[in-house]
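Chemist: Below is the file protein.cif, which contains mmCIF, C-alpha atoms.
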data_data
#
loop_
_atom_site.label_atom_id
_atom_site.label_comp_id
_atom_site.auth_asym_id
_atom_site.auth_seq_id
_atom_site.Cartn_x
_atom_site.Cartn_y
_atom_site.Cartn_z
CA MET W 1 -29.60 16.51 60.64
CA ARG W 2 -27.26 13.62 59.87
CA ILE W 3 -26.81 10.76 62.27
CA ASP W 4 -23.48 9.23 63.23
CA VAL W 5 -23.26 5.57 62.31
CA PRO W 6 -20.89 3.67 64.66
CA ALA W 7 -17.74 2.47 62.92
CA ALA W 8 -18.12 -1.01 64.44
CA PHE W 9 -21.53 -1.38 62.82
CA VAL W 10 -20.21 -0.19 59.46
CA ALA W 11 -17.31 -2.66 59.60
CA SER W 12 -19.48 -5.60 60.58
CA TYR W 13 -22.35 -4.91 58.19
CA SER W 14 -20.01 -4.20 55.29
CA VAL W 15 -18.85 -7.81 55.56
CA ASN W 16 -22.07 -9.56 56.53
CA GLY W 17 -24.47 -7.50 54.42
CA GLY W 18 -22.70 -8.02 51.12
CA GLU W 19 -22.94 -5.58 48.23
CA SER W 20 -26.55 -4.62 48.96
CA GLY W 21 -25.62 -4.04 52.59
CA ARG W 22 -22.81 -1.69 51.64
CA ALA W 23 -25.19 0.25 49.39
CA TRP W 24 -27.63 0.56 52.30
CA LEU W 25 -24.87 1.76 54.63
CA ALA W 26 -23.98 4.48 52.14
CA VAL W 27 -27.44 6.06 52.44
CA LEU W 28 -28.01 5.25 56.12
CA PRO W 29 -27.02 8.68 57.54
CA GLN W 30 -29.36 10.46 55.13
CA LEU W 31 -32.11 7.90 55.76
CA GLY W 32 -31.89 8.49 59.49
CA ALA W 33 -32.01 12.25 59.00
CA GLU W 34 -35.07 11.92 56.78
CA PHE W 35 -37.06 10.09 59.45
CA LEU W 36 -35.94 12.39 62.25
CA ASP W 37 -37.50 15.18 60.22
CA ARG W 38 -40.55 13.26 58.94
CA TRP W 39 -41.62 12.05 62.38
CA ALA W 40 -40.53 15.23 64.26
CA LEU W 41 -37.95 13.40 66.38
CA ARG W 42 -35.00 14.72 68.37
CA PRO W 43 -31.94 12.51 69.08
CA ASP W 44 -31.72 11.65 72.78
CA GLY W 45 -28.46 9.75 73.14
CA PRO W 46 -25.86 7.86 71.14
CA PRO W 47 -26.99 5.23 68.62
CA ALA W 48 -26.74 1.55 69.44
CA HIS W 49 -26.69 -1.39 67.09
CA GLY W 50 -27.04 -5.13 66.81
CA MET W 51 -25.86 -7.26 63.92
CA ALA W 52 -28.38 -5.94 61.40
CA SER W 53 -29.96 -2.70 62.64
CA LEU W 54 -29.14 0.74 64.00
CA VAL W 55 -31.21 2.01 66.92
CA LEU W 56 -31.28 5.68 67.87
CA PRO W 57 -32.89 6.90 71.12
CA VAL W 58 -35.17 9.81 70.31
CA THR W 59 -37.74 12.13 71.84
CA ARG W 60 -41.05 12.70 70.05
CA ALA W 61 -42.67 16.08 69.56
CA ASP W 62 -44.83 15.52 72.65
CA GLY W 63 -41.71 14.84 74.75
CA SER W 64 -42.24 11.09 75.05
CA PRO W 65 -39.23 8.77 74.61
CA ALA W 66 -38.97 6.33 71.71
CA VAL W 67 -36.37 4.65 69.51
CA LEU W 68 -35.84 4.95 65.77
CA LYS W 69 -34.88 1.58 64.29
CA LEU W 70 -33.21 1.56 60.88
CA GLN W 71 -32.71 -1.75 59.11
CA GLN W 72 -32.31 -3.09 55.61
CA VAL W 73 -35.46 -4.94 54.58
CA THR W 74 -34.79 -8.70 54.37
CA GLU W 75 -36.91 -11.82 54.14
CA ASP W 76 -36.44 -12.36 57.88
CA ASN W 77 -37.58 -8.93 59.05
CA ALA W 78 -40.06 -8.01 56.29
CA GLY W 79 -43.00 -9.10 58.47
CA ALA W 80 -41.84 -7.39 61.67
CA ALA W 81 -44.32 -4.51 61.54
CA THR W 82 -47.17 -6.88 60.63
CA GLY W 83 -46.37 -9.01 63.65
CA LEU W 84 -45.99 -6.05 66.00
CA ARG W 85 -49.35 -4.66 64.90
CA ALA W 86 -51.02 -8.03 65.49
CA TRP W 87 -49.55 -8.29 69.00
CA ASP W 88 -50.39 -4.64 69.72
CA GLY W 89 -47.93 -4.39 72.58
CA ASP W 90 -49.13 -7.50 74.41
CA GLY W 91 -45.84 -8.92 75.70
CA VAL W 92 -43.84 -7.15 73.02
CA VAL W 93 -42.46 -3.69 72.26
CA ARG W 94 -45.13 -1.36 70.86
CA LEU W 95 -44.88 -0.13 67.26
CA LEU W 96 -45.51 3.63 67.06
CA ASP W 97 -44.90 4.24 63.36
CA HIS W 98 -43.53 2.40 60.33
CA ASP W 99 -42.33 3.04 56.80
CA THR W 100 -42.96 0.02 54.60
CA GLU W 101 -40.53 0.85 51.81
CA SER W 102 -37.43 1.36 53.98
CA GLY W 103 -38.41 -0.88 56.91
CA THR W 104 -37.80 2.00 59.33
CA MET W 105 -39.74 1.72 62.60
CA LEU W 106 -40.50 4.01 65.49
CA LEU W 107 -40.77 1.93 68.65
CA GLU W 108 -41.57 2.26 72.32
CA ARG W 109 -38.34 2.80 74.26
CA LEU W 110 -37.33 0.02 76.64
CA ASP W 111 -34.32 -0.29 78.96
CA ALA W 112 -31.55 -1.64 76.72
CA ALA W 113 -29.24 -1.83 79.74
CA ARG W 114 -31.48 -4.44 81.38
CA PRO W 115 -31.94 -7.51 79.16
CA LEU W 116 -33.35 -10.72 80.57
CA SER W 117 -29.81 -12.14 80.46
CA ALA W 118 -29.13 -9.92 83.51
CA VAL W 119 -31.38 -12.21 85.58
CA SER W 120 -28.88 -14.63 87.10
CA ASP W 121 -31.38 -17.32 88.11
CA ASP W 122 -31.78 -19.39 84.94
CA VAL W 123 -34.95 -21.12 86.13
CA ALA W 124 -36.57 -17.73 86.75
CA ALA W 125 -35.31 -16.36 83.42
CA VAL W 126 -36.67 -19.33 81.45
CA ARG W 127 -40.05 -18.92 83.12
CA ILE W 128 -40.19 -15.22 82.24
CA LEU W 129 -39.29 -16.04 78.64
CA ALA W 130 -41.79 -18.91 78.48
CA GLU W 131 -44.64 -16.79 79.84
CA LEU W 132 -43.93 -14.07 77.27
CA MET W 133 -43.70 -16.67 74.51
CA ALA W 134 -47.04 -18.17 75.55
CA ARG W 135 -48.68 -14.76 75.16
CA LEU W 136 -47.10 -14.18 71.76
CA VAL W 137 -48.04 -17.55 70.26
CA ALA W 138 -51.62 -17.22 71.55
CA VAL W 139 -52.17 -14.79 68.66
CA PRO W 140 -53.12 -16.29 65.27
CA ALA W 141 -50.75 -15.27 62.50
CA PRO W 142 -52.13 -12.52 60.23
CA PRO W 143 -52.11 -13.07 56.46
CA GLY W 144 -49.02 -12.37 54.42
CA LEU W 145 -46.29 -13.73 56.67
CA ARG W 146 -43.76 -16.42 55.85
CA THR W 147 -45.09 -19.84 56.77
CA LEU W 148 -43.42 -22.69 58.60
CA SER W 149 -44.93 -24.97 55.97
CA SER W 150 -42.76 -23.44 53.22
CA VAL W 151 -39.71 -23.15 55.47
CA ALA W 152 -39.95 -26.77 56.61
CA SER W 153 -40.48 -28.12 53.09
CA ALA W 154 -37.35 -26.28 51.95
CA LEU W 155 -35.38 -27.78 54.85
CA VAL W 156 -36.36 -31.32 53.91
CA ASP W 157 -35.63 -30.68 50.23
CA GLY W 158 -32.23 -29.14 51.02
CA THR W 159 -30.93 -31.90 53.28
CA PRO W 160 -29.68 -34.32 50.56
CA ARG W 161 -27.52 -31.57 49.05
CA ALA W 162 -25.94 -30.78 52.41
CA LEU W 163 -25.07 -34.34 53.46
CA PRO W 164 -21.96 -34.77 51.23
CA MET W 165 -20.52 -31.55 52.69
CA LEU W 166 -20.24 -33.10 56.17
CA PRO W 167 -17.30 -35.52 56.49
CA ASP W 168 -18.53 -36.98 59.79
CA ARG W 169 -21.02 -39.82 59.22
CA ALA W 170 -22.60 -39.36 62.65
CA GLU W 171 -23.39 -35.75 61.75
CA GLN W 172 -24.79 -36.85 58.40
CA GLN W 173 -27.08 -39.26 60.25
CA LEU W 174 -28.19 -36.52 62.64
CA LEU W 175 -29.23 -34.38 59.69
CA ARG W 176 -31.20 -37.30 58.25
CA THR W 177 -32.90 -37.82 61.62
CA CYS W 178 -33.83 -34.14 61.84
CA ALA W 179 -35.17 -34.12 58.28
CA LEU W 180 -37.28 -37.22 58.99
CA ALA W 181 -38.72 -35.58 62.11
CA VAL W 182 -39.68 -32.51 60.08
CA SER W 183 -41.19 -34.67 57.31
CA ASP W 184 -43.46 -36.30 59.87
CA LEU W 185 -44.79 -32.88 60.90
CA LEU W 186 -45.25 -31.24 57.49
CA ALA W 187 -48.97 -31.96 57.38
CA GLU W 188 -49.59 -29.83 60.50
CA PRO W 189 -47.30 -26.77 60.36
CA GLY W 190 -49.43 -24.64 62.71
CA ASP W 191 -50.99 -21.19 62.41
CA ARG W 192 -49.67 -19.23 65.39
CA LEU W 193 -47.76 -15.94 65.23
CA LEU W 194 -44.15 -16.84 66.07
CA HIS W 195 -41.41 -14.44 67.17
CA TRP W 196 -38.76 -16.84 65.78
CA ASP W 197 -35.79 -15.41 67.73
CA LEU W 198 -36.86 -15.18 71.36
CA HIS W 199 -33.79 -15.43 73.59
CA TYR W 200 -32.66 -13.59 76.72
CA ASP W 201 -31.11 -10.62 74.90
CA ASN W 202 -34.27 -10.08 72.86
CA ILE W 203 -36.26 -9.41 76.04
CA LEU W 204 -35.79 -6.03 77.74
CA ALA W 205 -37.12 -4.42 80.90
CA GLY W 206 -39.84 -1.83 80.36
CA GLU W 207 -42.05 0.59 82.26
CA ARG W 208 -45.38 -0.52 80.82
CA GLU W 209 -44.58 -4.14 81.73
CA PRO W 210 -41.62 -5.64 83.61
CA TRP W 211 -40.38 -7.46 80.49
CA LEU W 212 -41.14 -7.09 76.79
CA ALA W 213 -39.89 -8.90 73.69
CA ILE W 214 -38.06 -7.06 70.90
CA ASP W 215 -36.73 -7.79 67.39
CA PRO W 216 -39.29 -10.32 66.12
CA GLU W 217 -38.82 -12.01 62.77
CA PRO W 218 -42.44 -13.19 62.46
CA LEU W 219 -43.42 -16.54 61.07
CA CYS W 220 -46.74 -18.39 60.85
CA GLY W 221 -46.40 -21.84 62.39
CA ASP W 222 -46.19 -24.24 65.31
CA PRO W 223 -44.89 -22.87 68.65
CA GLY W 224 -42.52 -25.85 68.89
CA PHE W 225 -40.37 -24.10 66.29
CA GLU W 226 -39.79 -21.27 68.80
CA LEU W 227 -37.92 -23.19 71.50
CA LEU W 228 -34.32 -23.60 70.30
CA PRO W 229 -33.02 -20.06 70.98
CA ALA W 230 -34.13 -20.40 74.60
CA LEU W 231 -32.40 -23.78 74.90
CA CYS W 232 -29.14 -22.21 73.69
CA ASN W 233 -29.07 -19.35 76.22
CA ARG W 234 -25.95 -19.16 78.44
CA TRP W 235 -24.45 -22.16 76.74
CA ALA W 236 -20.98 -21.66 78.24
CA GLU W 237 -22.54 -21.69 81.71
CA ALA W 238 -24.43 -24.88 80.92
CA GLU W 239 -21.20 -26.54 79.75
CA ALA W 240 -19.37 -25.35 82.86
CA THR W 241 -21.80 -27.22 85.09
CA GLY W 242 -20.90 -30.51 83.41
CA GLU W 243 -24.64 -31.23 83.16
CA VAL W 244 -25.55 -30.05 79.68
CA THR W 245 -28.21 -32.72 79.10
CA ARG W 246 -29.88 -32.00 82.41
CA THR W 247 -29.93 -28.25 81.67
CA VAL W 248 -31.36 -28.75 78.17
CA LEU W 249 -34.13 -31.03 79.38
CA ARG W 250 -34.99 -28.79 82.33
CA ARG W 251 -35.34 -25.78 80.01
CA PHE W 252 -37.28 -27.80 77.43
CA ASP W 253 -39.68 -29.11 80.08
CA GLN W 254 -40.22 -25.61 81.50
CA LEU W 255 -40.99 -24.18 78.08
CA THR W 256 -43.33 -26.95 76.98
CA GLU W 257 -45.14 -26.95 80.32
CA VAL W 258 -45.83 -23.22 80.31
CA LEU W 259 -46.84 -23.25 76.63
CA GLY W 260 -48.90 -26.43 76.98
CA LEU W 261 -47.09 -28.13 74.09
CA ASP W 262 -47.03 -31.79 73.17
CA ARG W 263 -43.40 -32.70 73.89
CA GLN W 264 -43.04 -35.17 71.04
CA ARG W 265 -44.17 -32.56 68.50
CA ALA W 266 -42.04 -29.88 70.17
CA THR W 267 -39.03 -32.19 69.94
CA GLY W 268 -39.66 -32.69 66.23
CA TRP W 269 -39.89 -28.97 65.52
CA THR W 270 -36.80 -28.27 67.64
CA LEU W 271 -34.92 -30.80 65.53
CA GLY W 272 -36.23 -28.88 62.53
CA ARG W 273 -34.71 -25.69 63.90
CA ILE W 274 -31.41 -27.51 64.43
CA LEU W 275 -31.63 -28.69 60.82
CA GLN W 276 -32.19 -25.11 59.67
CA ASN W 277 -29.09 -23.89 61.50
CA ALA W 278 -27.06 -26.82 60.17
CA LEU W 279 -28.04 -26.13 56.57
CA TRP W 280 -27.09 -22.48 56.99
CA ASP W 281 -23.70 -23.51 58.40
CA VAL W 282 -23.06 -25.88 55.50
CA GLU W 283 -24.10 -23.19 53.05
CA ASP W 284 -21.51 -20.90 54.68
CA GLY W 285 -18.82 -23.50 54.00
CA LYS W 286 -18.56 -25.09 57.43
CA LYS W 287 -17.60 -28.78 57.50
CA ALA W 288 -18.91 -29.63 60.97
CA LEU W 289 -22.05 -28.97 62.96
CA ASP W 290 -22.20 -26.67 65.96
CA PRO W 291 -21.38 -28.77 69.08
CA ALA W 292 -24.12 -27.02 71.06
CA GLN W 293 -26.73 -27.98 68.46
CA ILE W 294 -25.50 -31.58 68.49
CA ALA W 295 -25.72 -31.67 72.29
CA ILE W 296 -29.28 -30.34 72.28
CA ALA W 297 -30.34 -32.83 69.62
CA ASP W 298 -28.72 -35.70 71.53
CA ALA W 299 -30.41 -34.67 74.78
CA LEU W 300 -33.85 -34.68 73.16
CA LEU W 301 -33.36 -37.80 71.04
CA ASN W 302 -31.86 -39.93 73.82
CA ARG W 303 -34.40 -38.99 76.46
#
Let's see the structure in the file written out as structure tokens.
Modeler:
Amino acid sequence: MRIDVPAAFVASYSVNGGESGRAWLAVLPQLGAEFLDRWALRPDGPPAHGMASLVLPVTRADGSPAVLKLQQVTEDNAGAATGLRAWDGDGVVRLLDHDTESGTMLLERLDAARPLSAVSDDVAAVRILAELMARLVAVPAPPGLRTLSSVASALVDGTPRALPMLPDRAEQQLLRTCALAVSDLLAEPGDRLLHWDLHYDNILAGEREPWLAIDPEPLCGDPGFELLPALCNRWAEAEATGEVTRTVLRRFDQLTEVLGLDRQRATGWTLGRILQNALWDVEDGKKALDPAQIAIADALLNR
């Protein structure tokens, strides 16, 4: 049984996935069919997709609902199954089966129509996210995952090469400031199991628990490196209030309070995450930093 791959996903991934991505797309229908057969699954609705994966609602042989997630194995997602097994469903979607070679996963089915972004009260939404994050980072990282130590060292080493690519001297100085903050923290990178991409749309309503995290890209490190995606949620709404700094600091304080983090360290690691995004942007040929990232950095640095 072949699966239908949405044209929008093919078009997007053909561009963003490069040559290897196009090769993966070519075998994706057959790959999906293989796992439907191998795991005795029956399609139970149209496929959905994000930027990098195809998700097919299925029914298992015992009649229980699940989702088949097909994704090209990358450095970011290579540890996903390891992380999900370590969490064992505590605050996160449950892993039901996994194929190491292809990265294919069979997962508990959640309500994709009800992400946390549907909760209109931002204070309530941040608290839900923070409480889930606190549960996730309470787990020590299992062996074999990427480490924040190696990621952070690469960020510091890569900053000098990126500086000449930014015409604006204030943005160059911000990168230097972020790199210095990371340098000061390199000796204590942390050992917690991080989700790395926990934002409102990566939290879905479930039956087993009201809210569960999805799509982890696990990393071993300090929980302070987890905060930036949550600070960026609903950015247009934050700008519309005219009180961006107040919104950033309120979210940051909520997160650090619930997680019990030292705010100075959490600020340093958040600047590290901003540095990571900036270096990616420069690598992609951009000549200016993301205004939202600048605003978040300014709010934390000028507190």
Chemist: Measuring between all atoms listed in the file, which one of W:Ala181, W:Val5, W:Ala66, W:Ala162 shows the shortest distance to Gly285 (chain W)?
Modeler: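 Closest residue, counting all atoms listed in the file: W:Ala162.
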Chemist: Kindly give the distance, in Å, that separates CA of Met165 (chain W) and CA of Ala278 (chain W), rounded to a single decimal.
Modeler: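 CA of Ala278 (chain W) lies 11.0 Å from CA of Met165 (chain W).
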Chemist: Going by the chain IDs and residue numbers used in this file, which residues fall under the PyMOL selection byres ((chain W and resi 27) around 12)? Write them as a list in words.
Modeler: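 That expression, the PyMOL selection byres ((chain W and resi 27) around 12), corresponds here to Arg2, Ile3, Asp4, Val5, Val10, Ser20, Gly21, Arg22, Ala23, Trp24, Leu25, Ala26, Leu28, Pro29, Gln30, Leu31, Gly32, Ala33, Glu34, Leu70, Gln71, Gln72 and Ser102 of chain W.
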Chemist: So that I can see what lies close to region 45-50 of chain W, please list as a PyMOL selection string the residues with an atom at most 12 Å from it, counting all atoms listed in the file and leaving out residues fewer than 3 positions away in the same chain.
Modeler: chain W and resi 3-10+12-13+29+32+42+53-59+65-71+112-113+201-202+214-215
Chemist: Would you translate the PyMOL selection byres ((chain W and resi 171-180) around 6) into the concrete set of residues it matches in this file, as a PyMOL selection string?
Modeler: chain W and resi 156+163+168-170+181-183+271-272+275
Chemist: Keeping C-alpha atoms, export the residues of the selection given above as a short mmCIF file (atom, residue, chain, number, x, y, z; two decimals), keeping the file's coordinate frame.
Modeler:
data_model
loop_
_atom_site.label_atom_id
_atom_site.label_comp_id
_atom_site.auth_asym_id
_atom_site.auth_seq_id
_atom_site.Cartn_x
_atom_site.Cartn_y
_atom_site.Cartn_z
CA VAL W 156 -36.36 -31.32 53.91
CA LEU W 163 -25.07 -34.34 53.46
CA ASP W 168 -18.53 -36.98 59.79
CA ARG W 169 -21.02 -39.82 59.22
CA ALA W 170 -22.60 -39.36 62.65
CA ALA W 181 -38.72 -35.58 62.11
CA VAL W 182 -39.68 -32.51 60.08
CA SER W 183 -41.19 -34.67 57.31
CA LEU W 271 -34.92 -30.80 65.53
CA GLY W 272 -36.23 -28.88 62.53
CA LEU W 275 -31.63 -28.69 60.82
#
Chemist: For region 65-81 of chain W, take all atoms listed in the file, fit an axis-aligned box around them, add 8 Å to each of the six sides, then output centre and edge lengths in Å rounded to one decimal, as AutoDock Vina command-line options.
Modeler:
--center_x -38.3 --center_y -1.8 --center_z 64.4 --size_x 28.0 --size_y 37.1 --size_z 36.5
Chemist: Considering all atoms listed in the file, state which residue in the set W:Leu107, W:Leu204, W:Val126, W:Ala213 is at the smallest distance from Leu227 (chain W).
Modeler: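 Counting all atoms listed in the file, the residue closest to Leu227 (chain W) is W:Val126.
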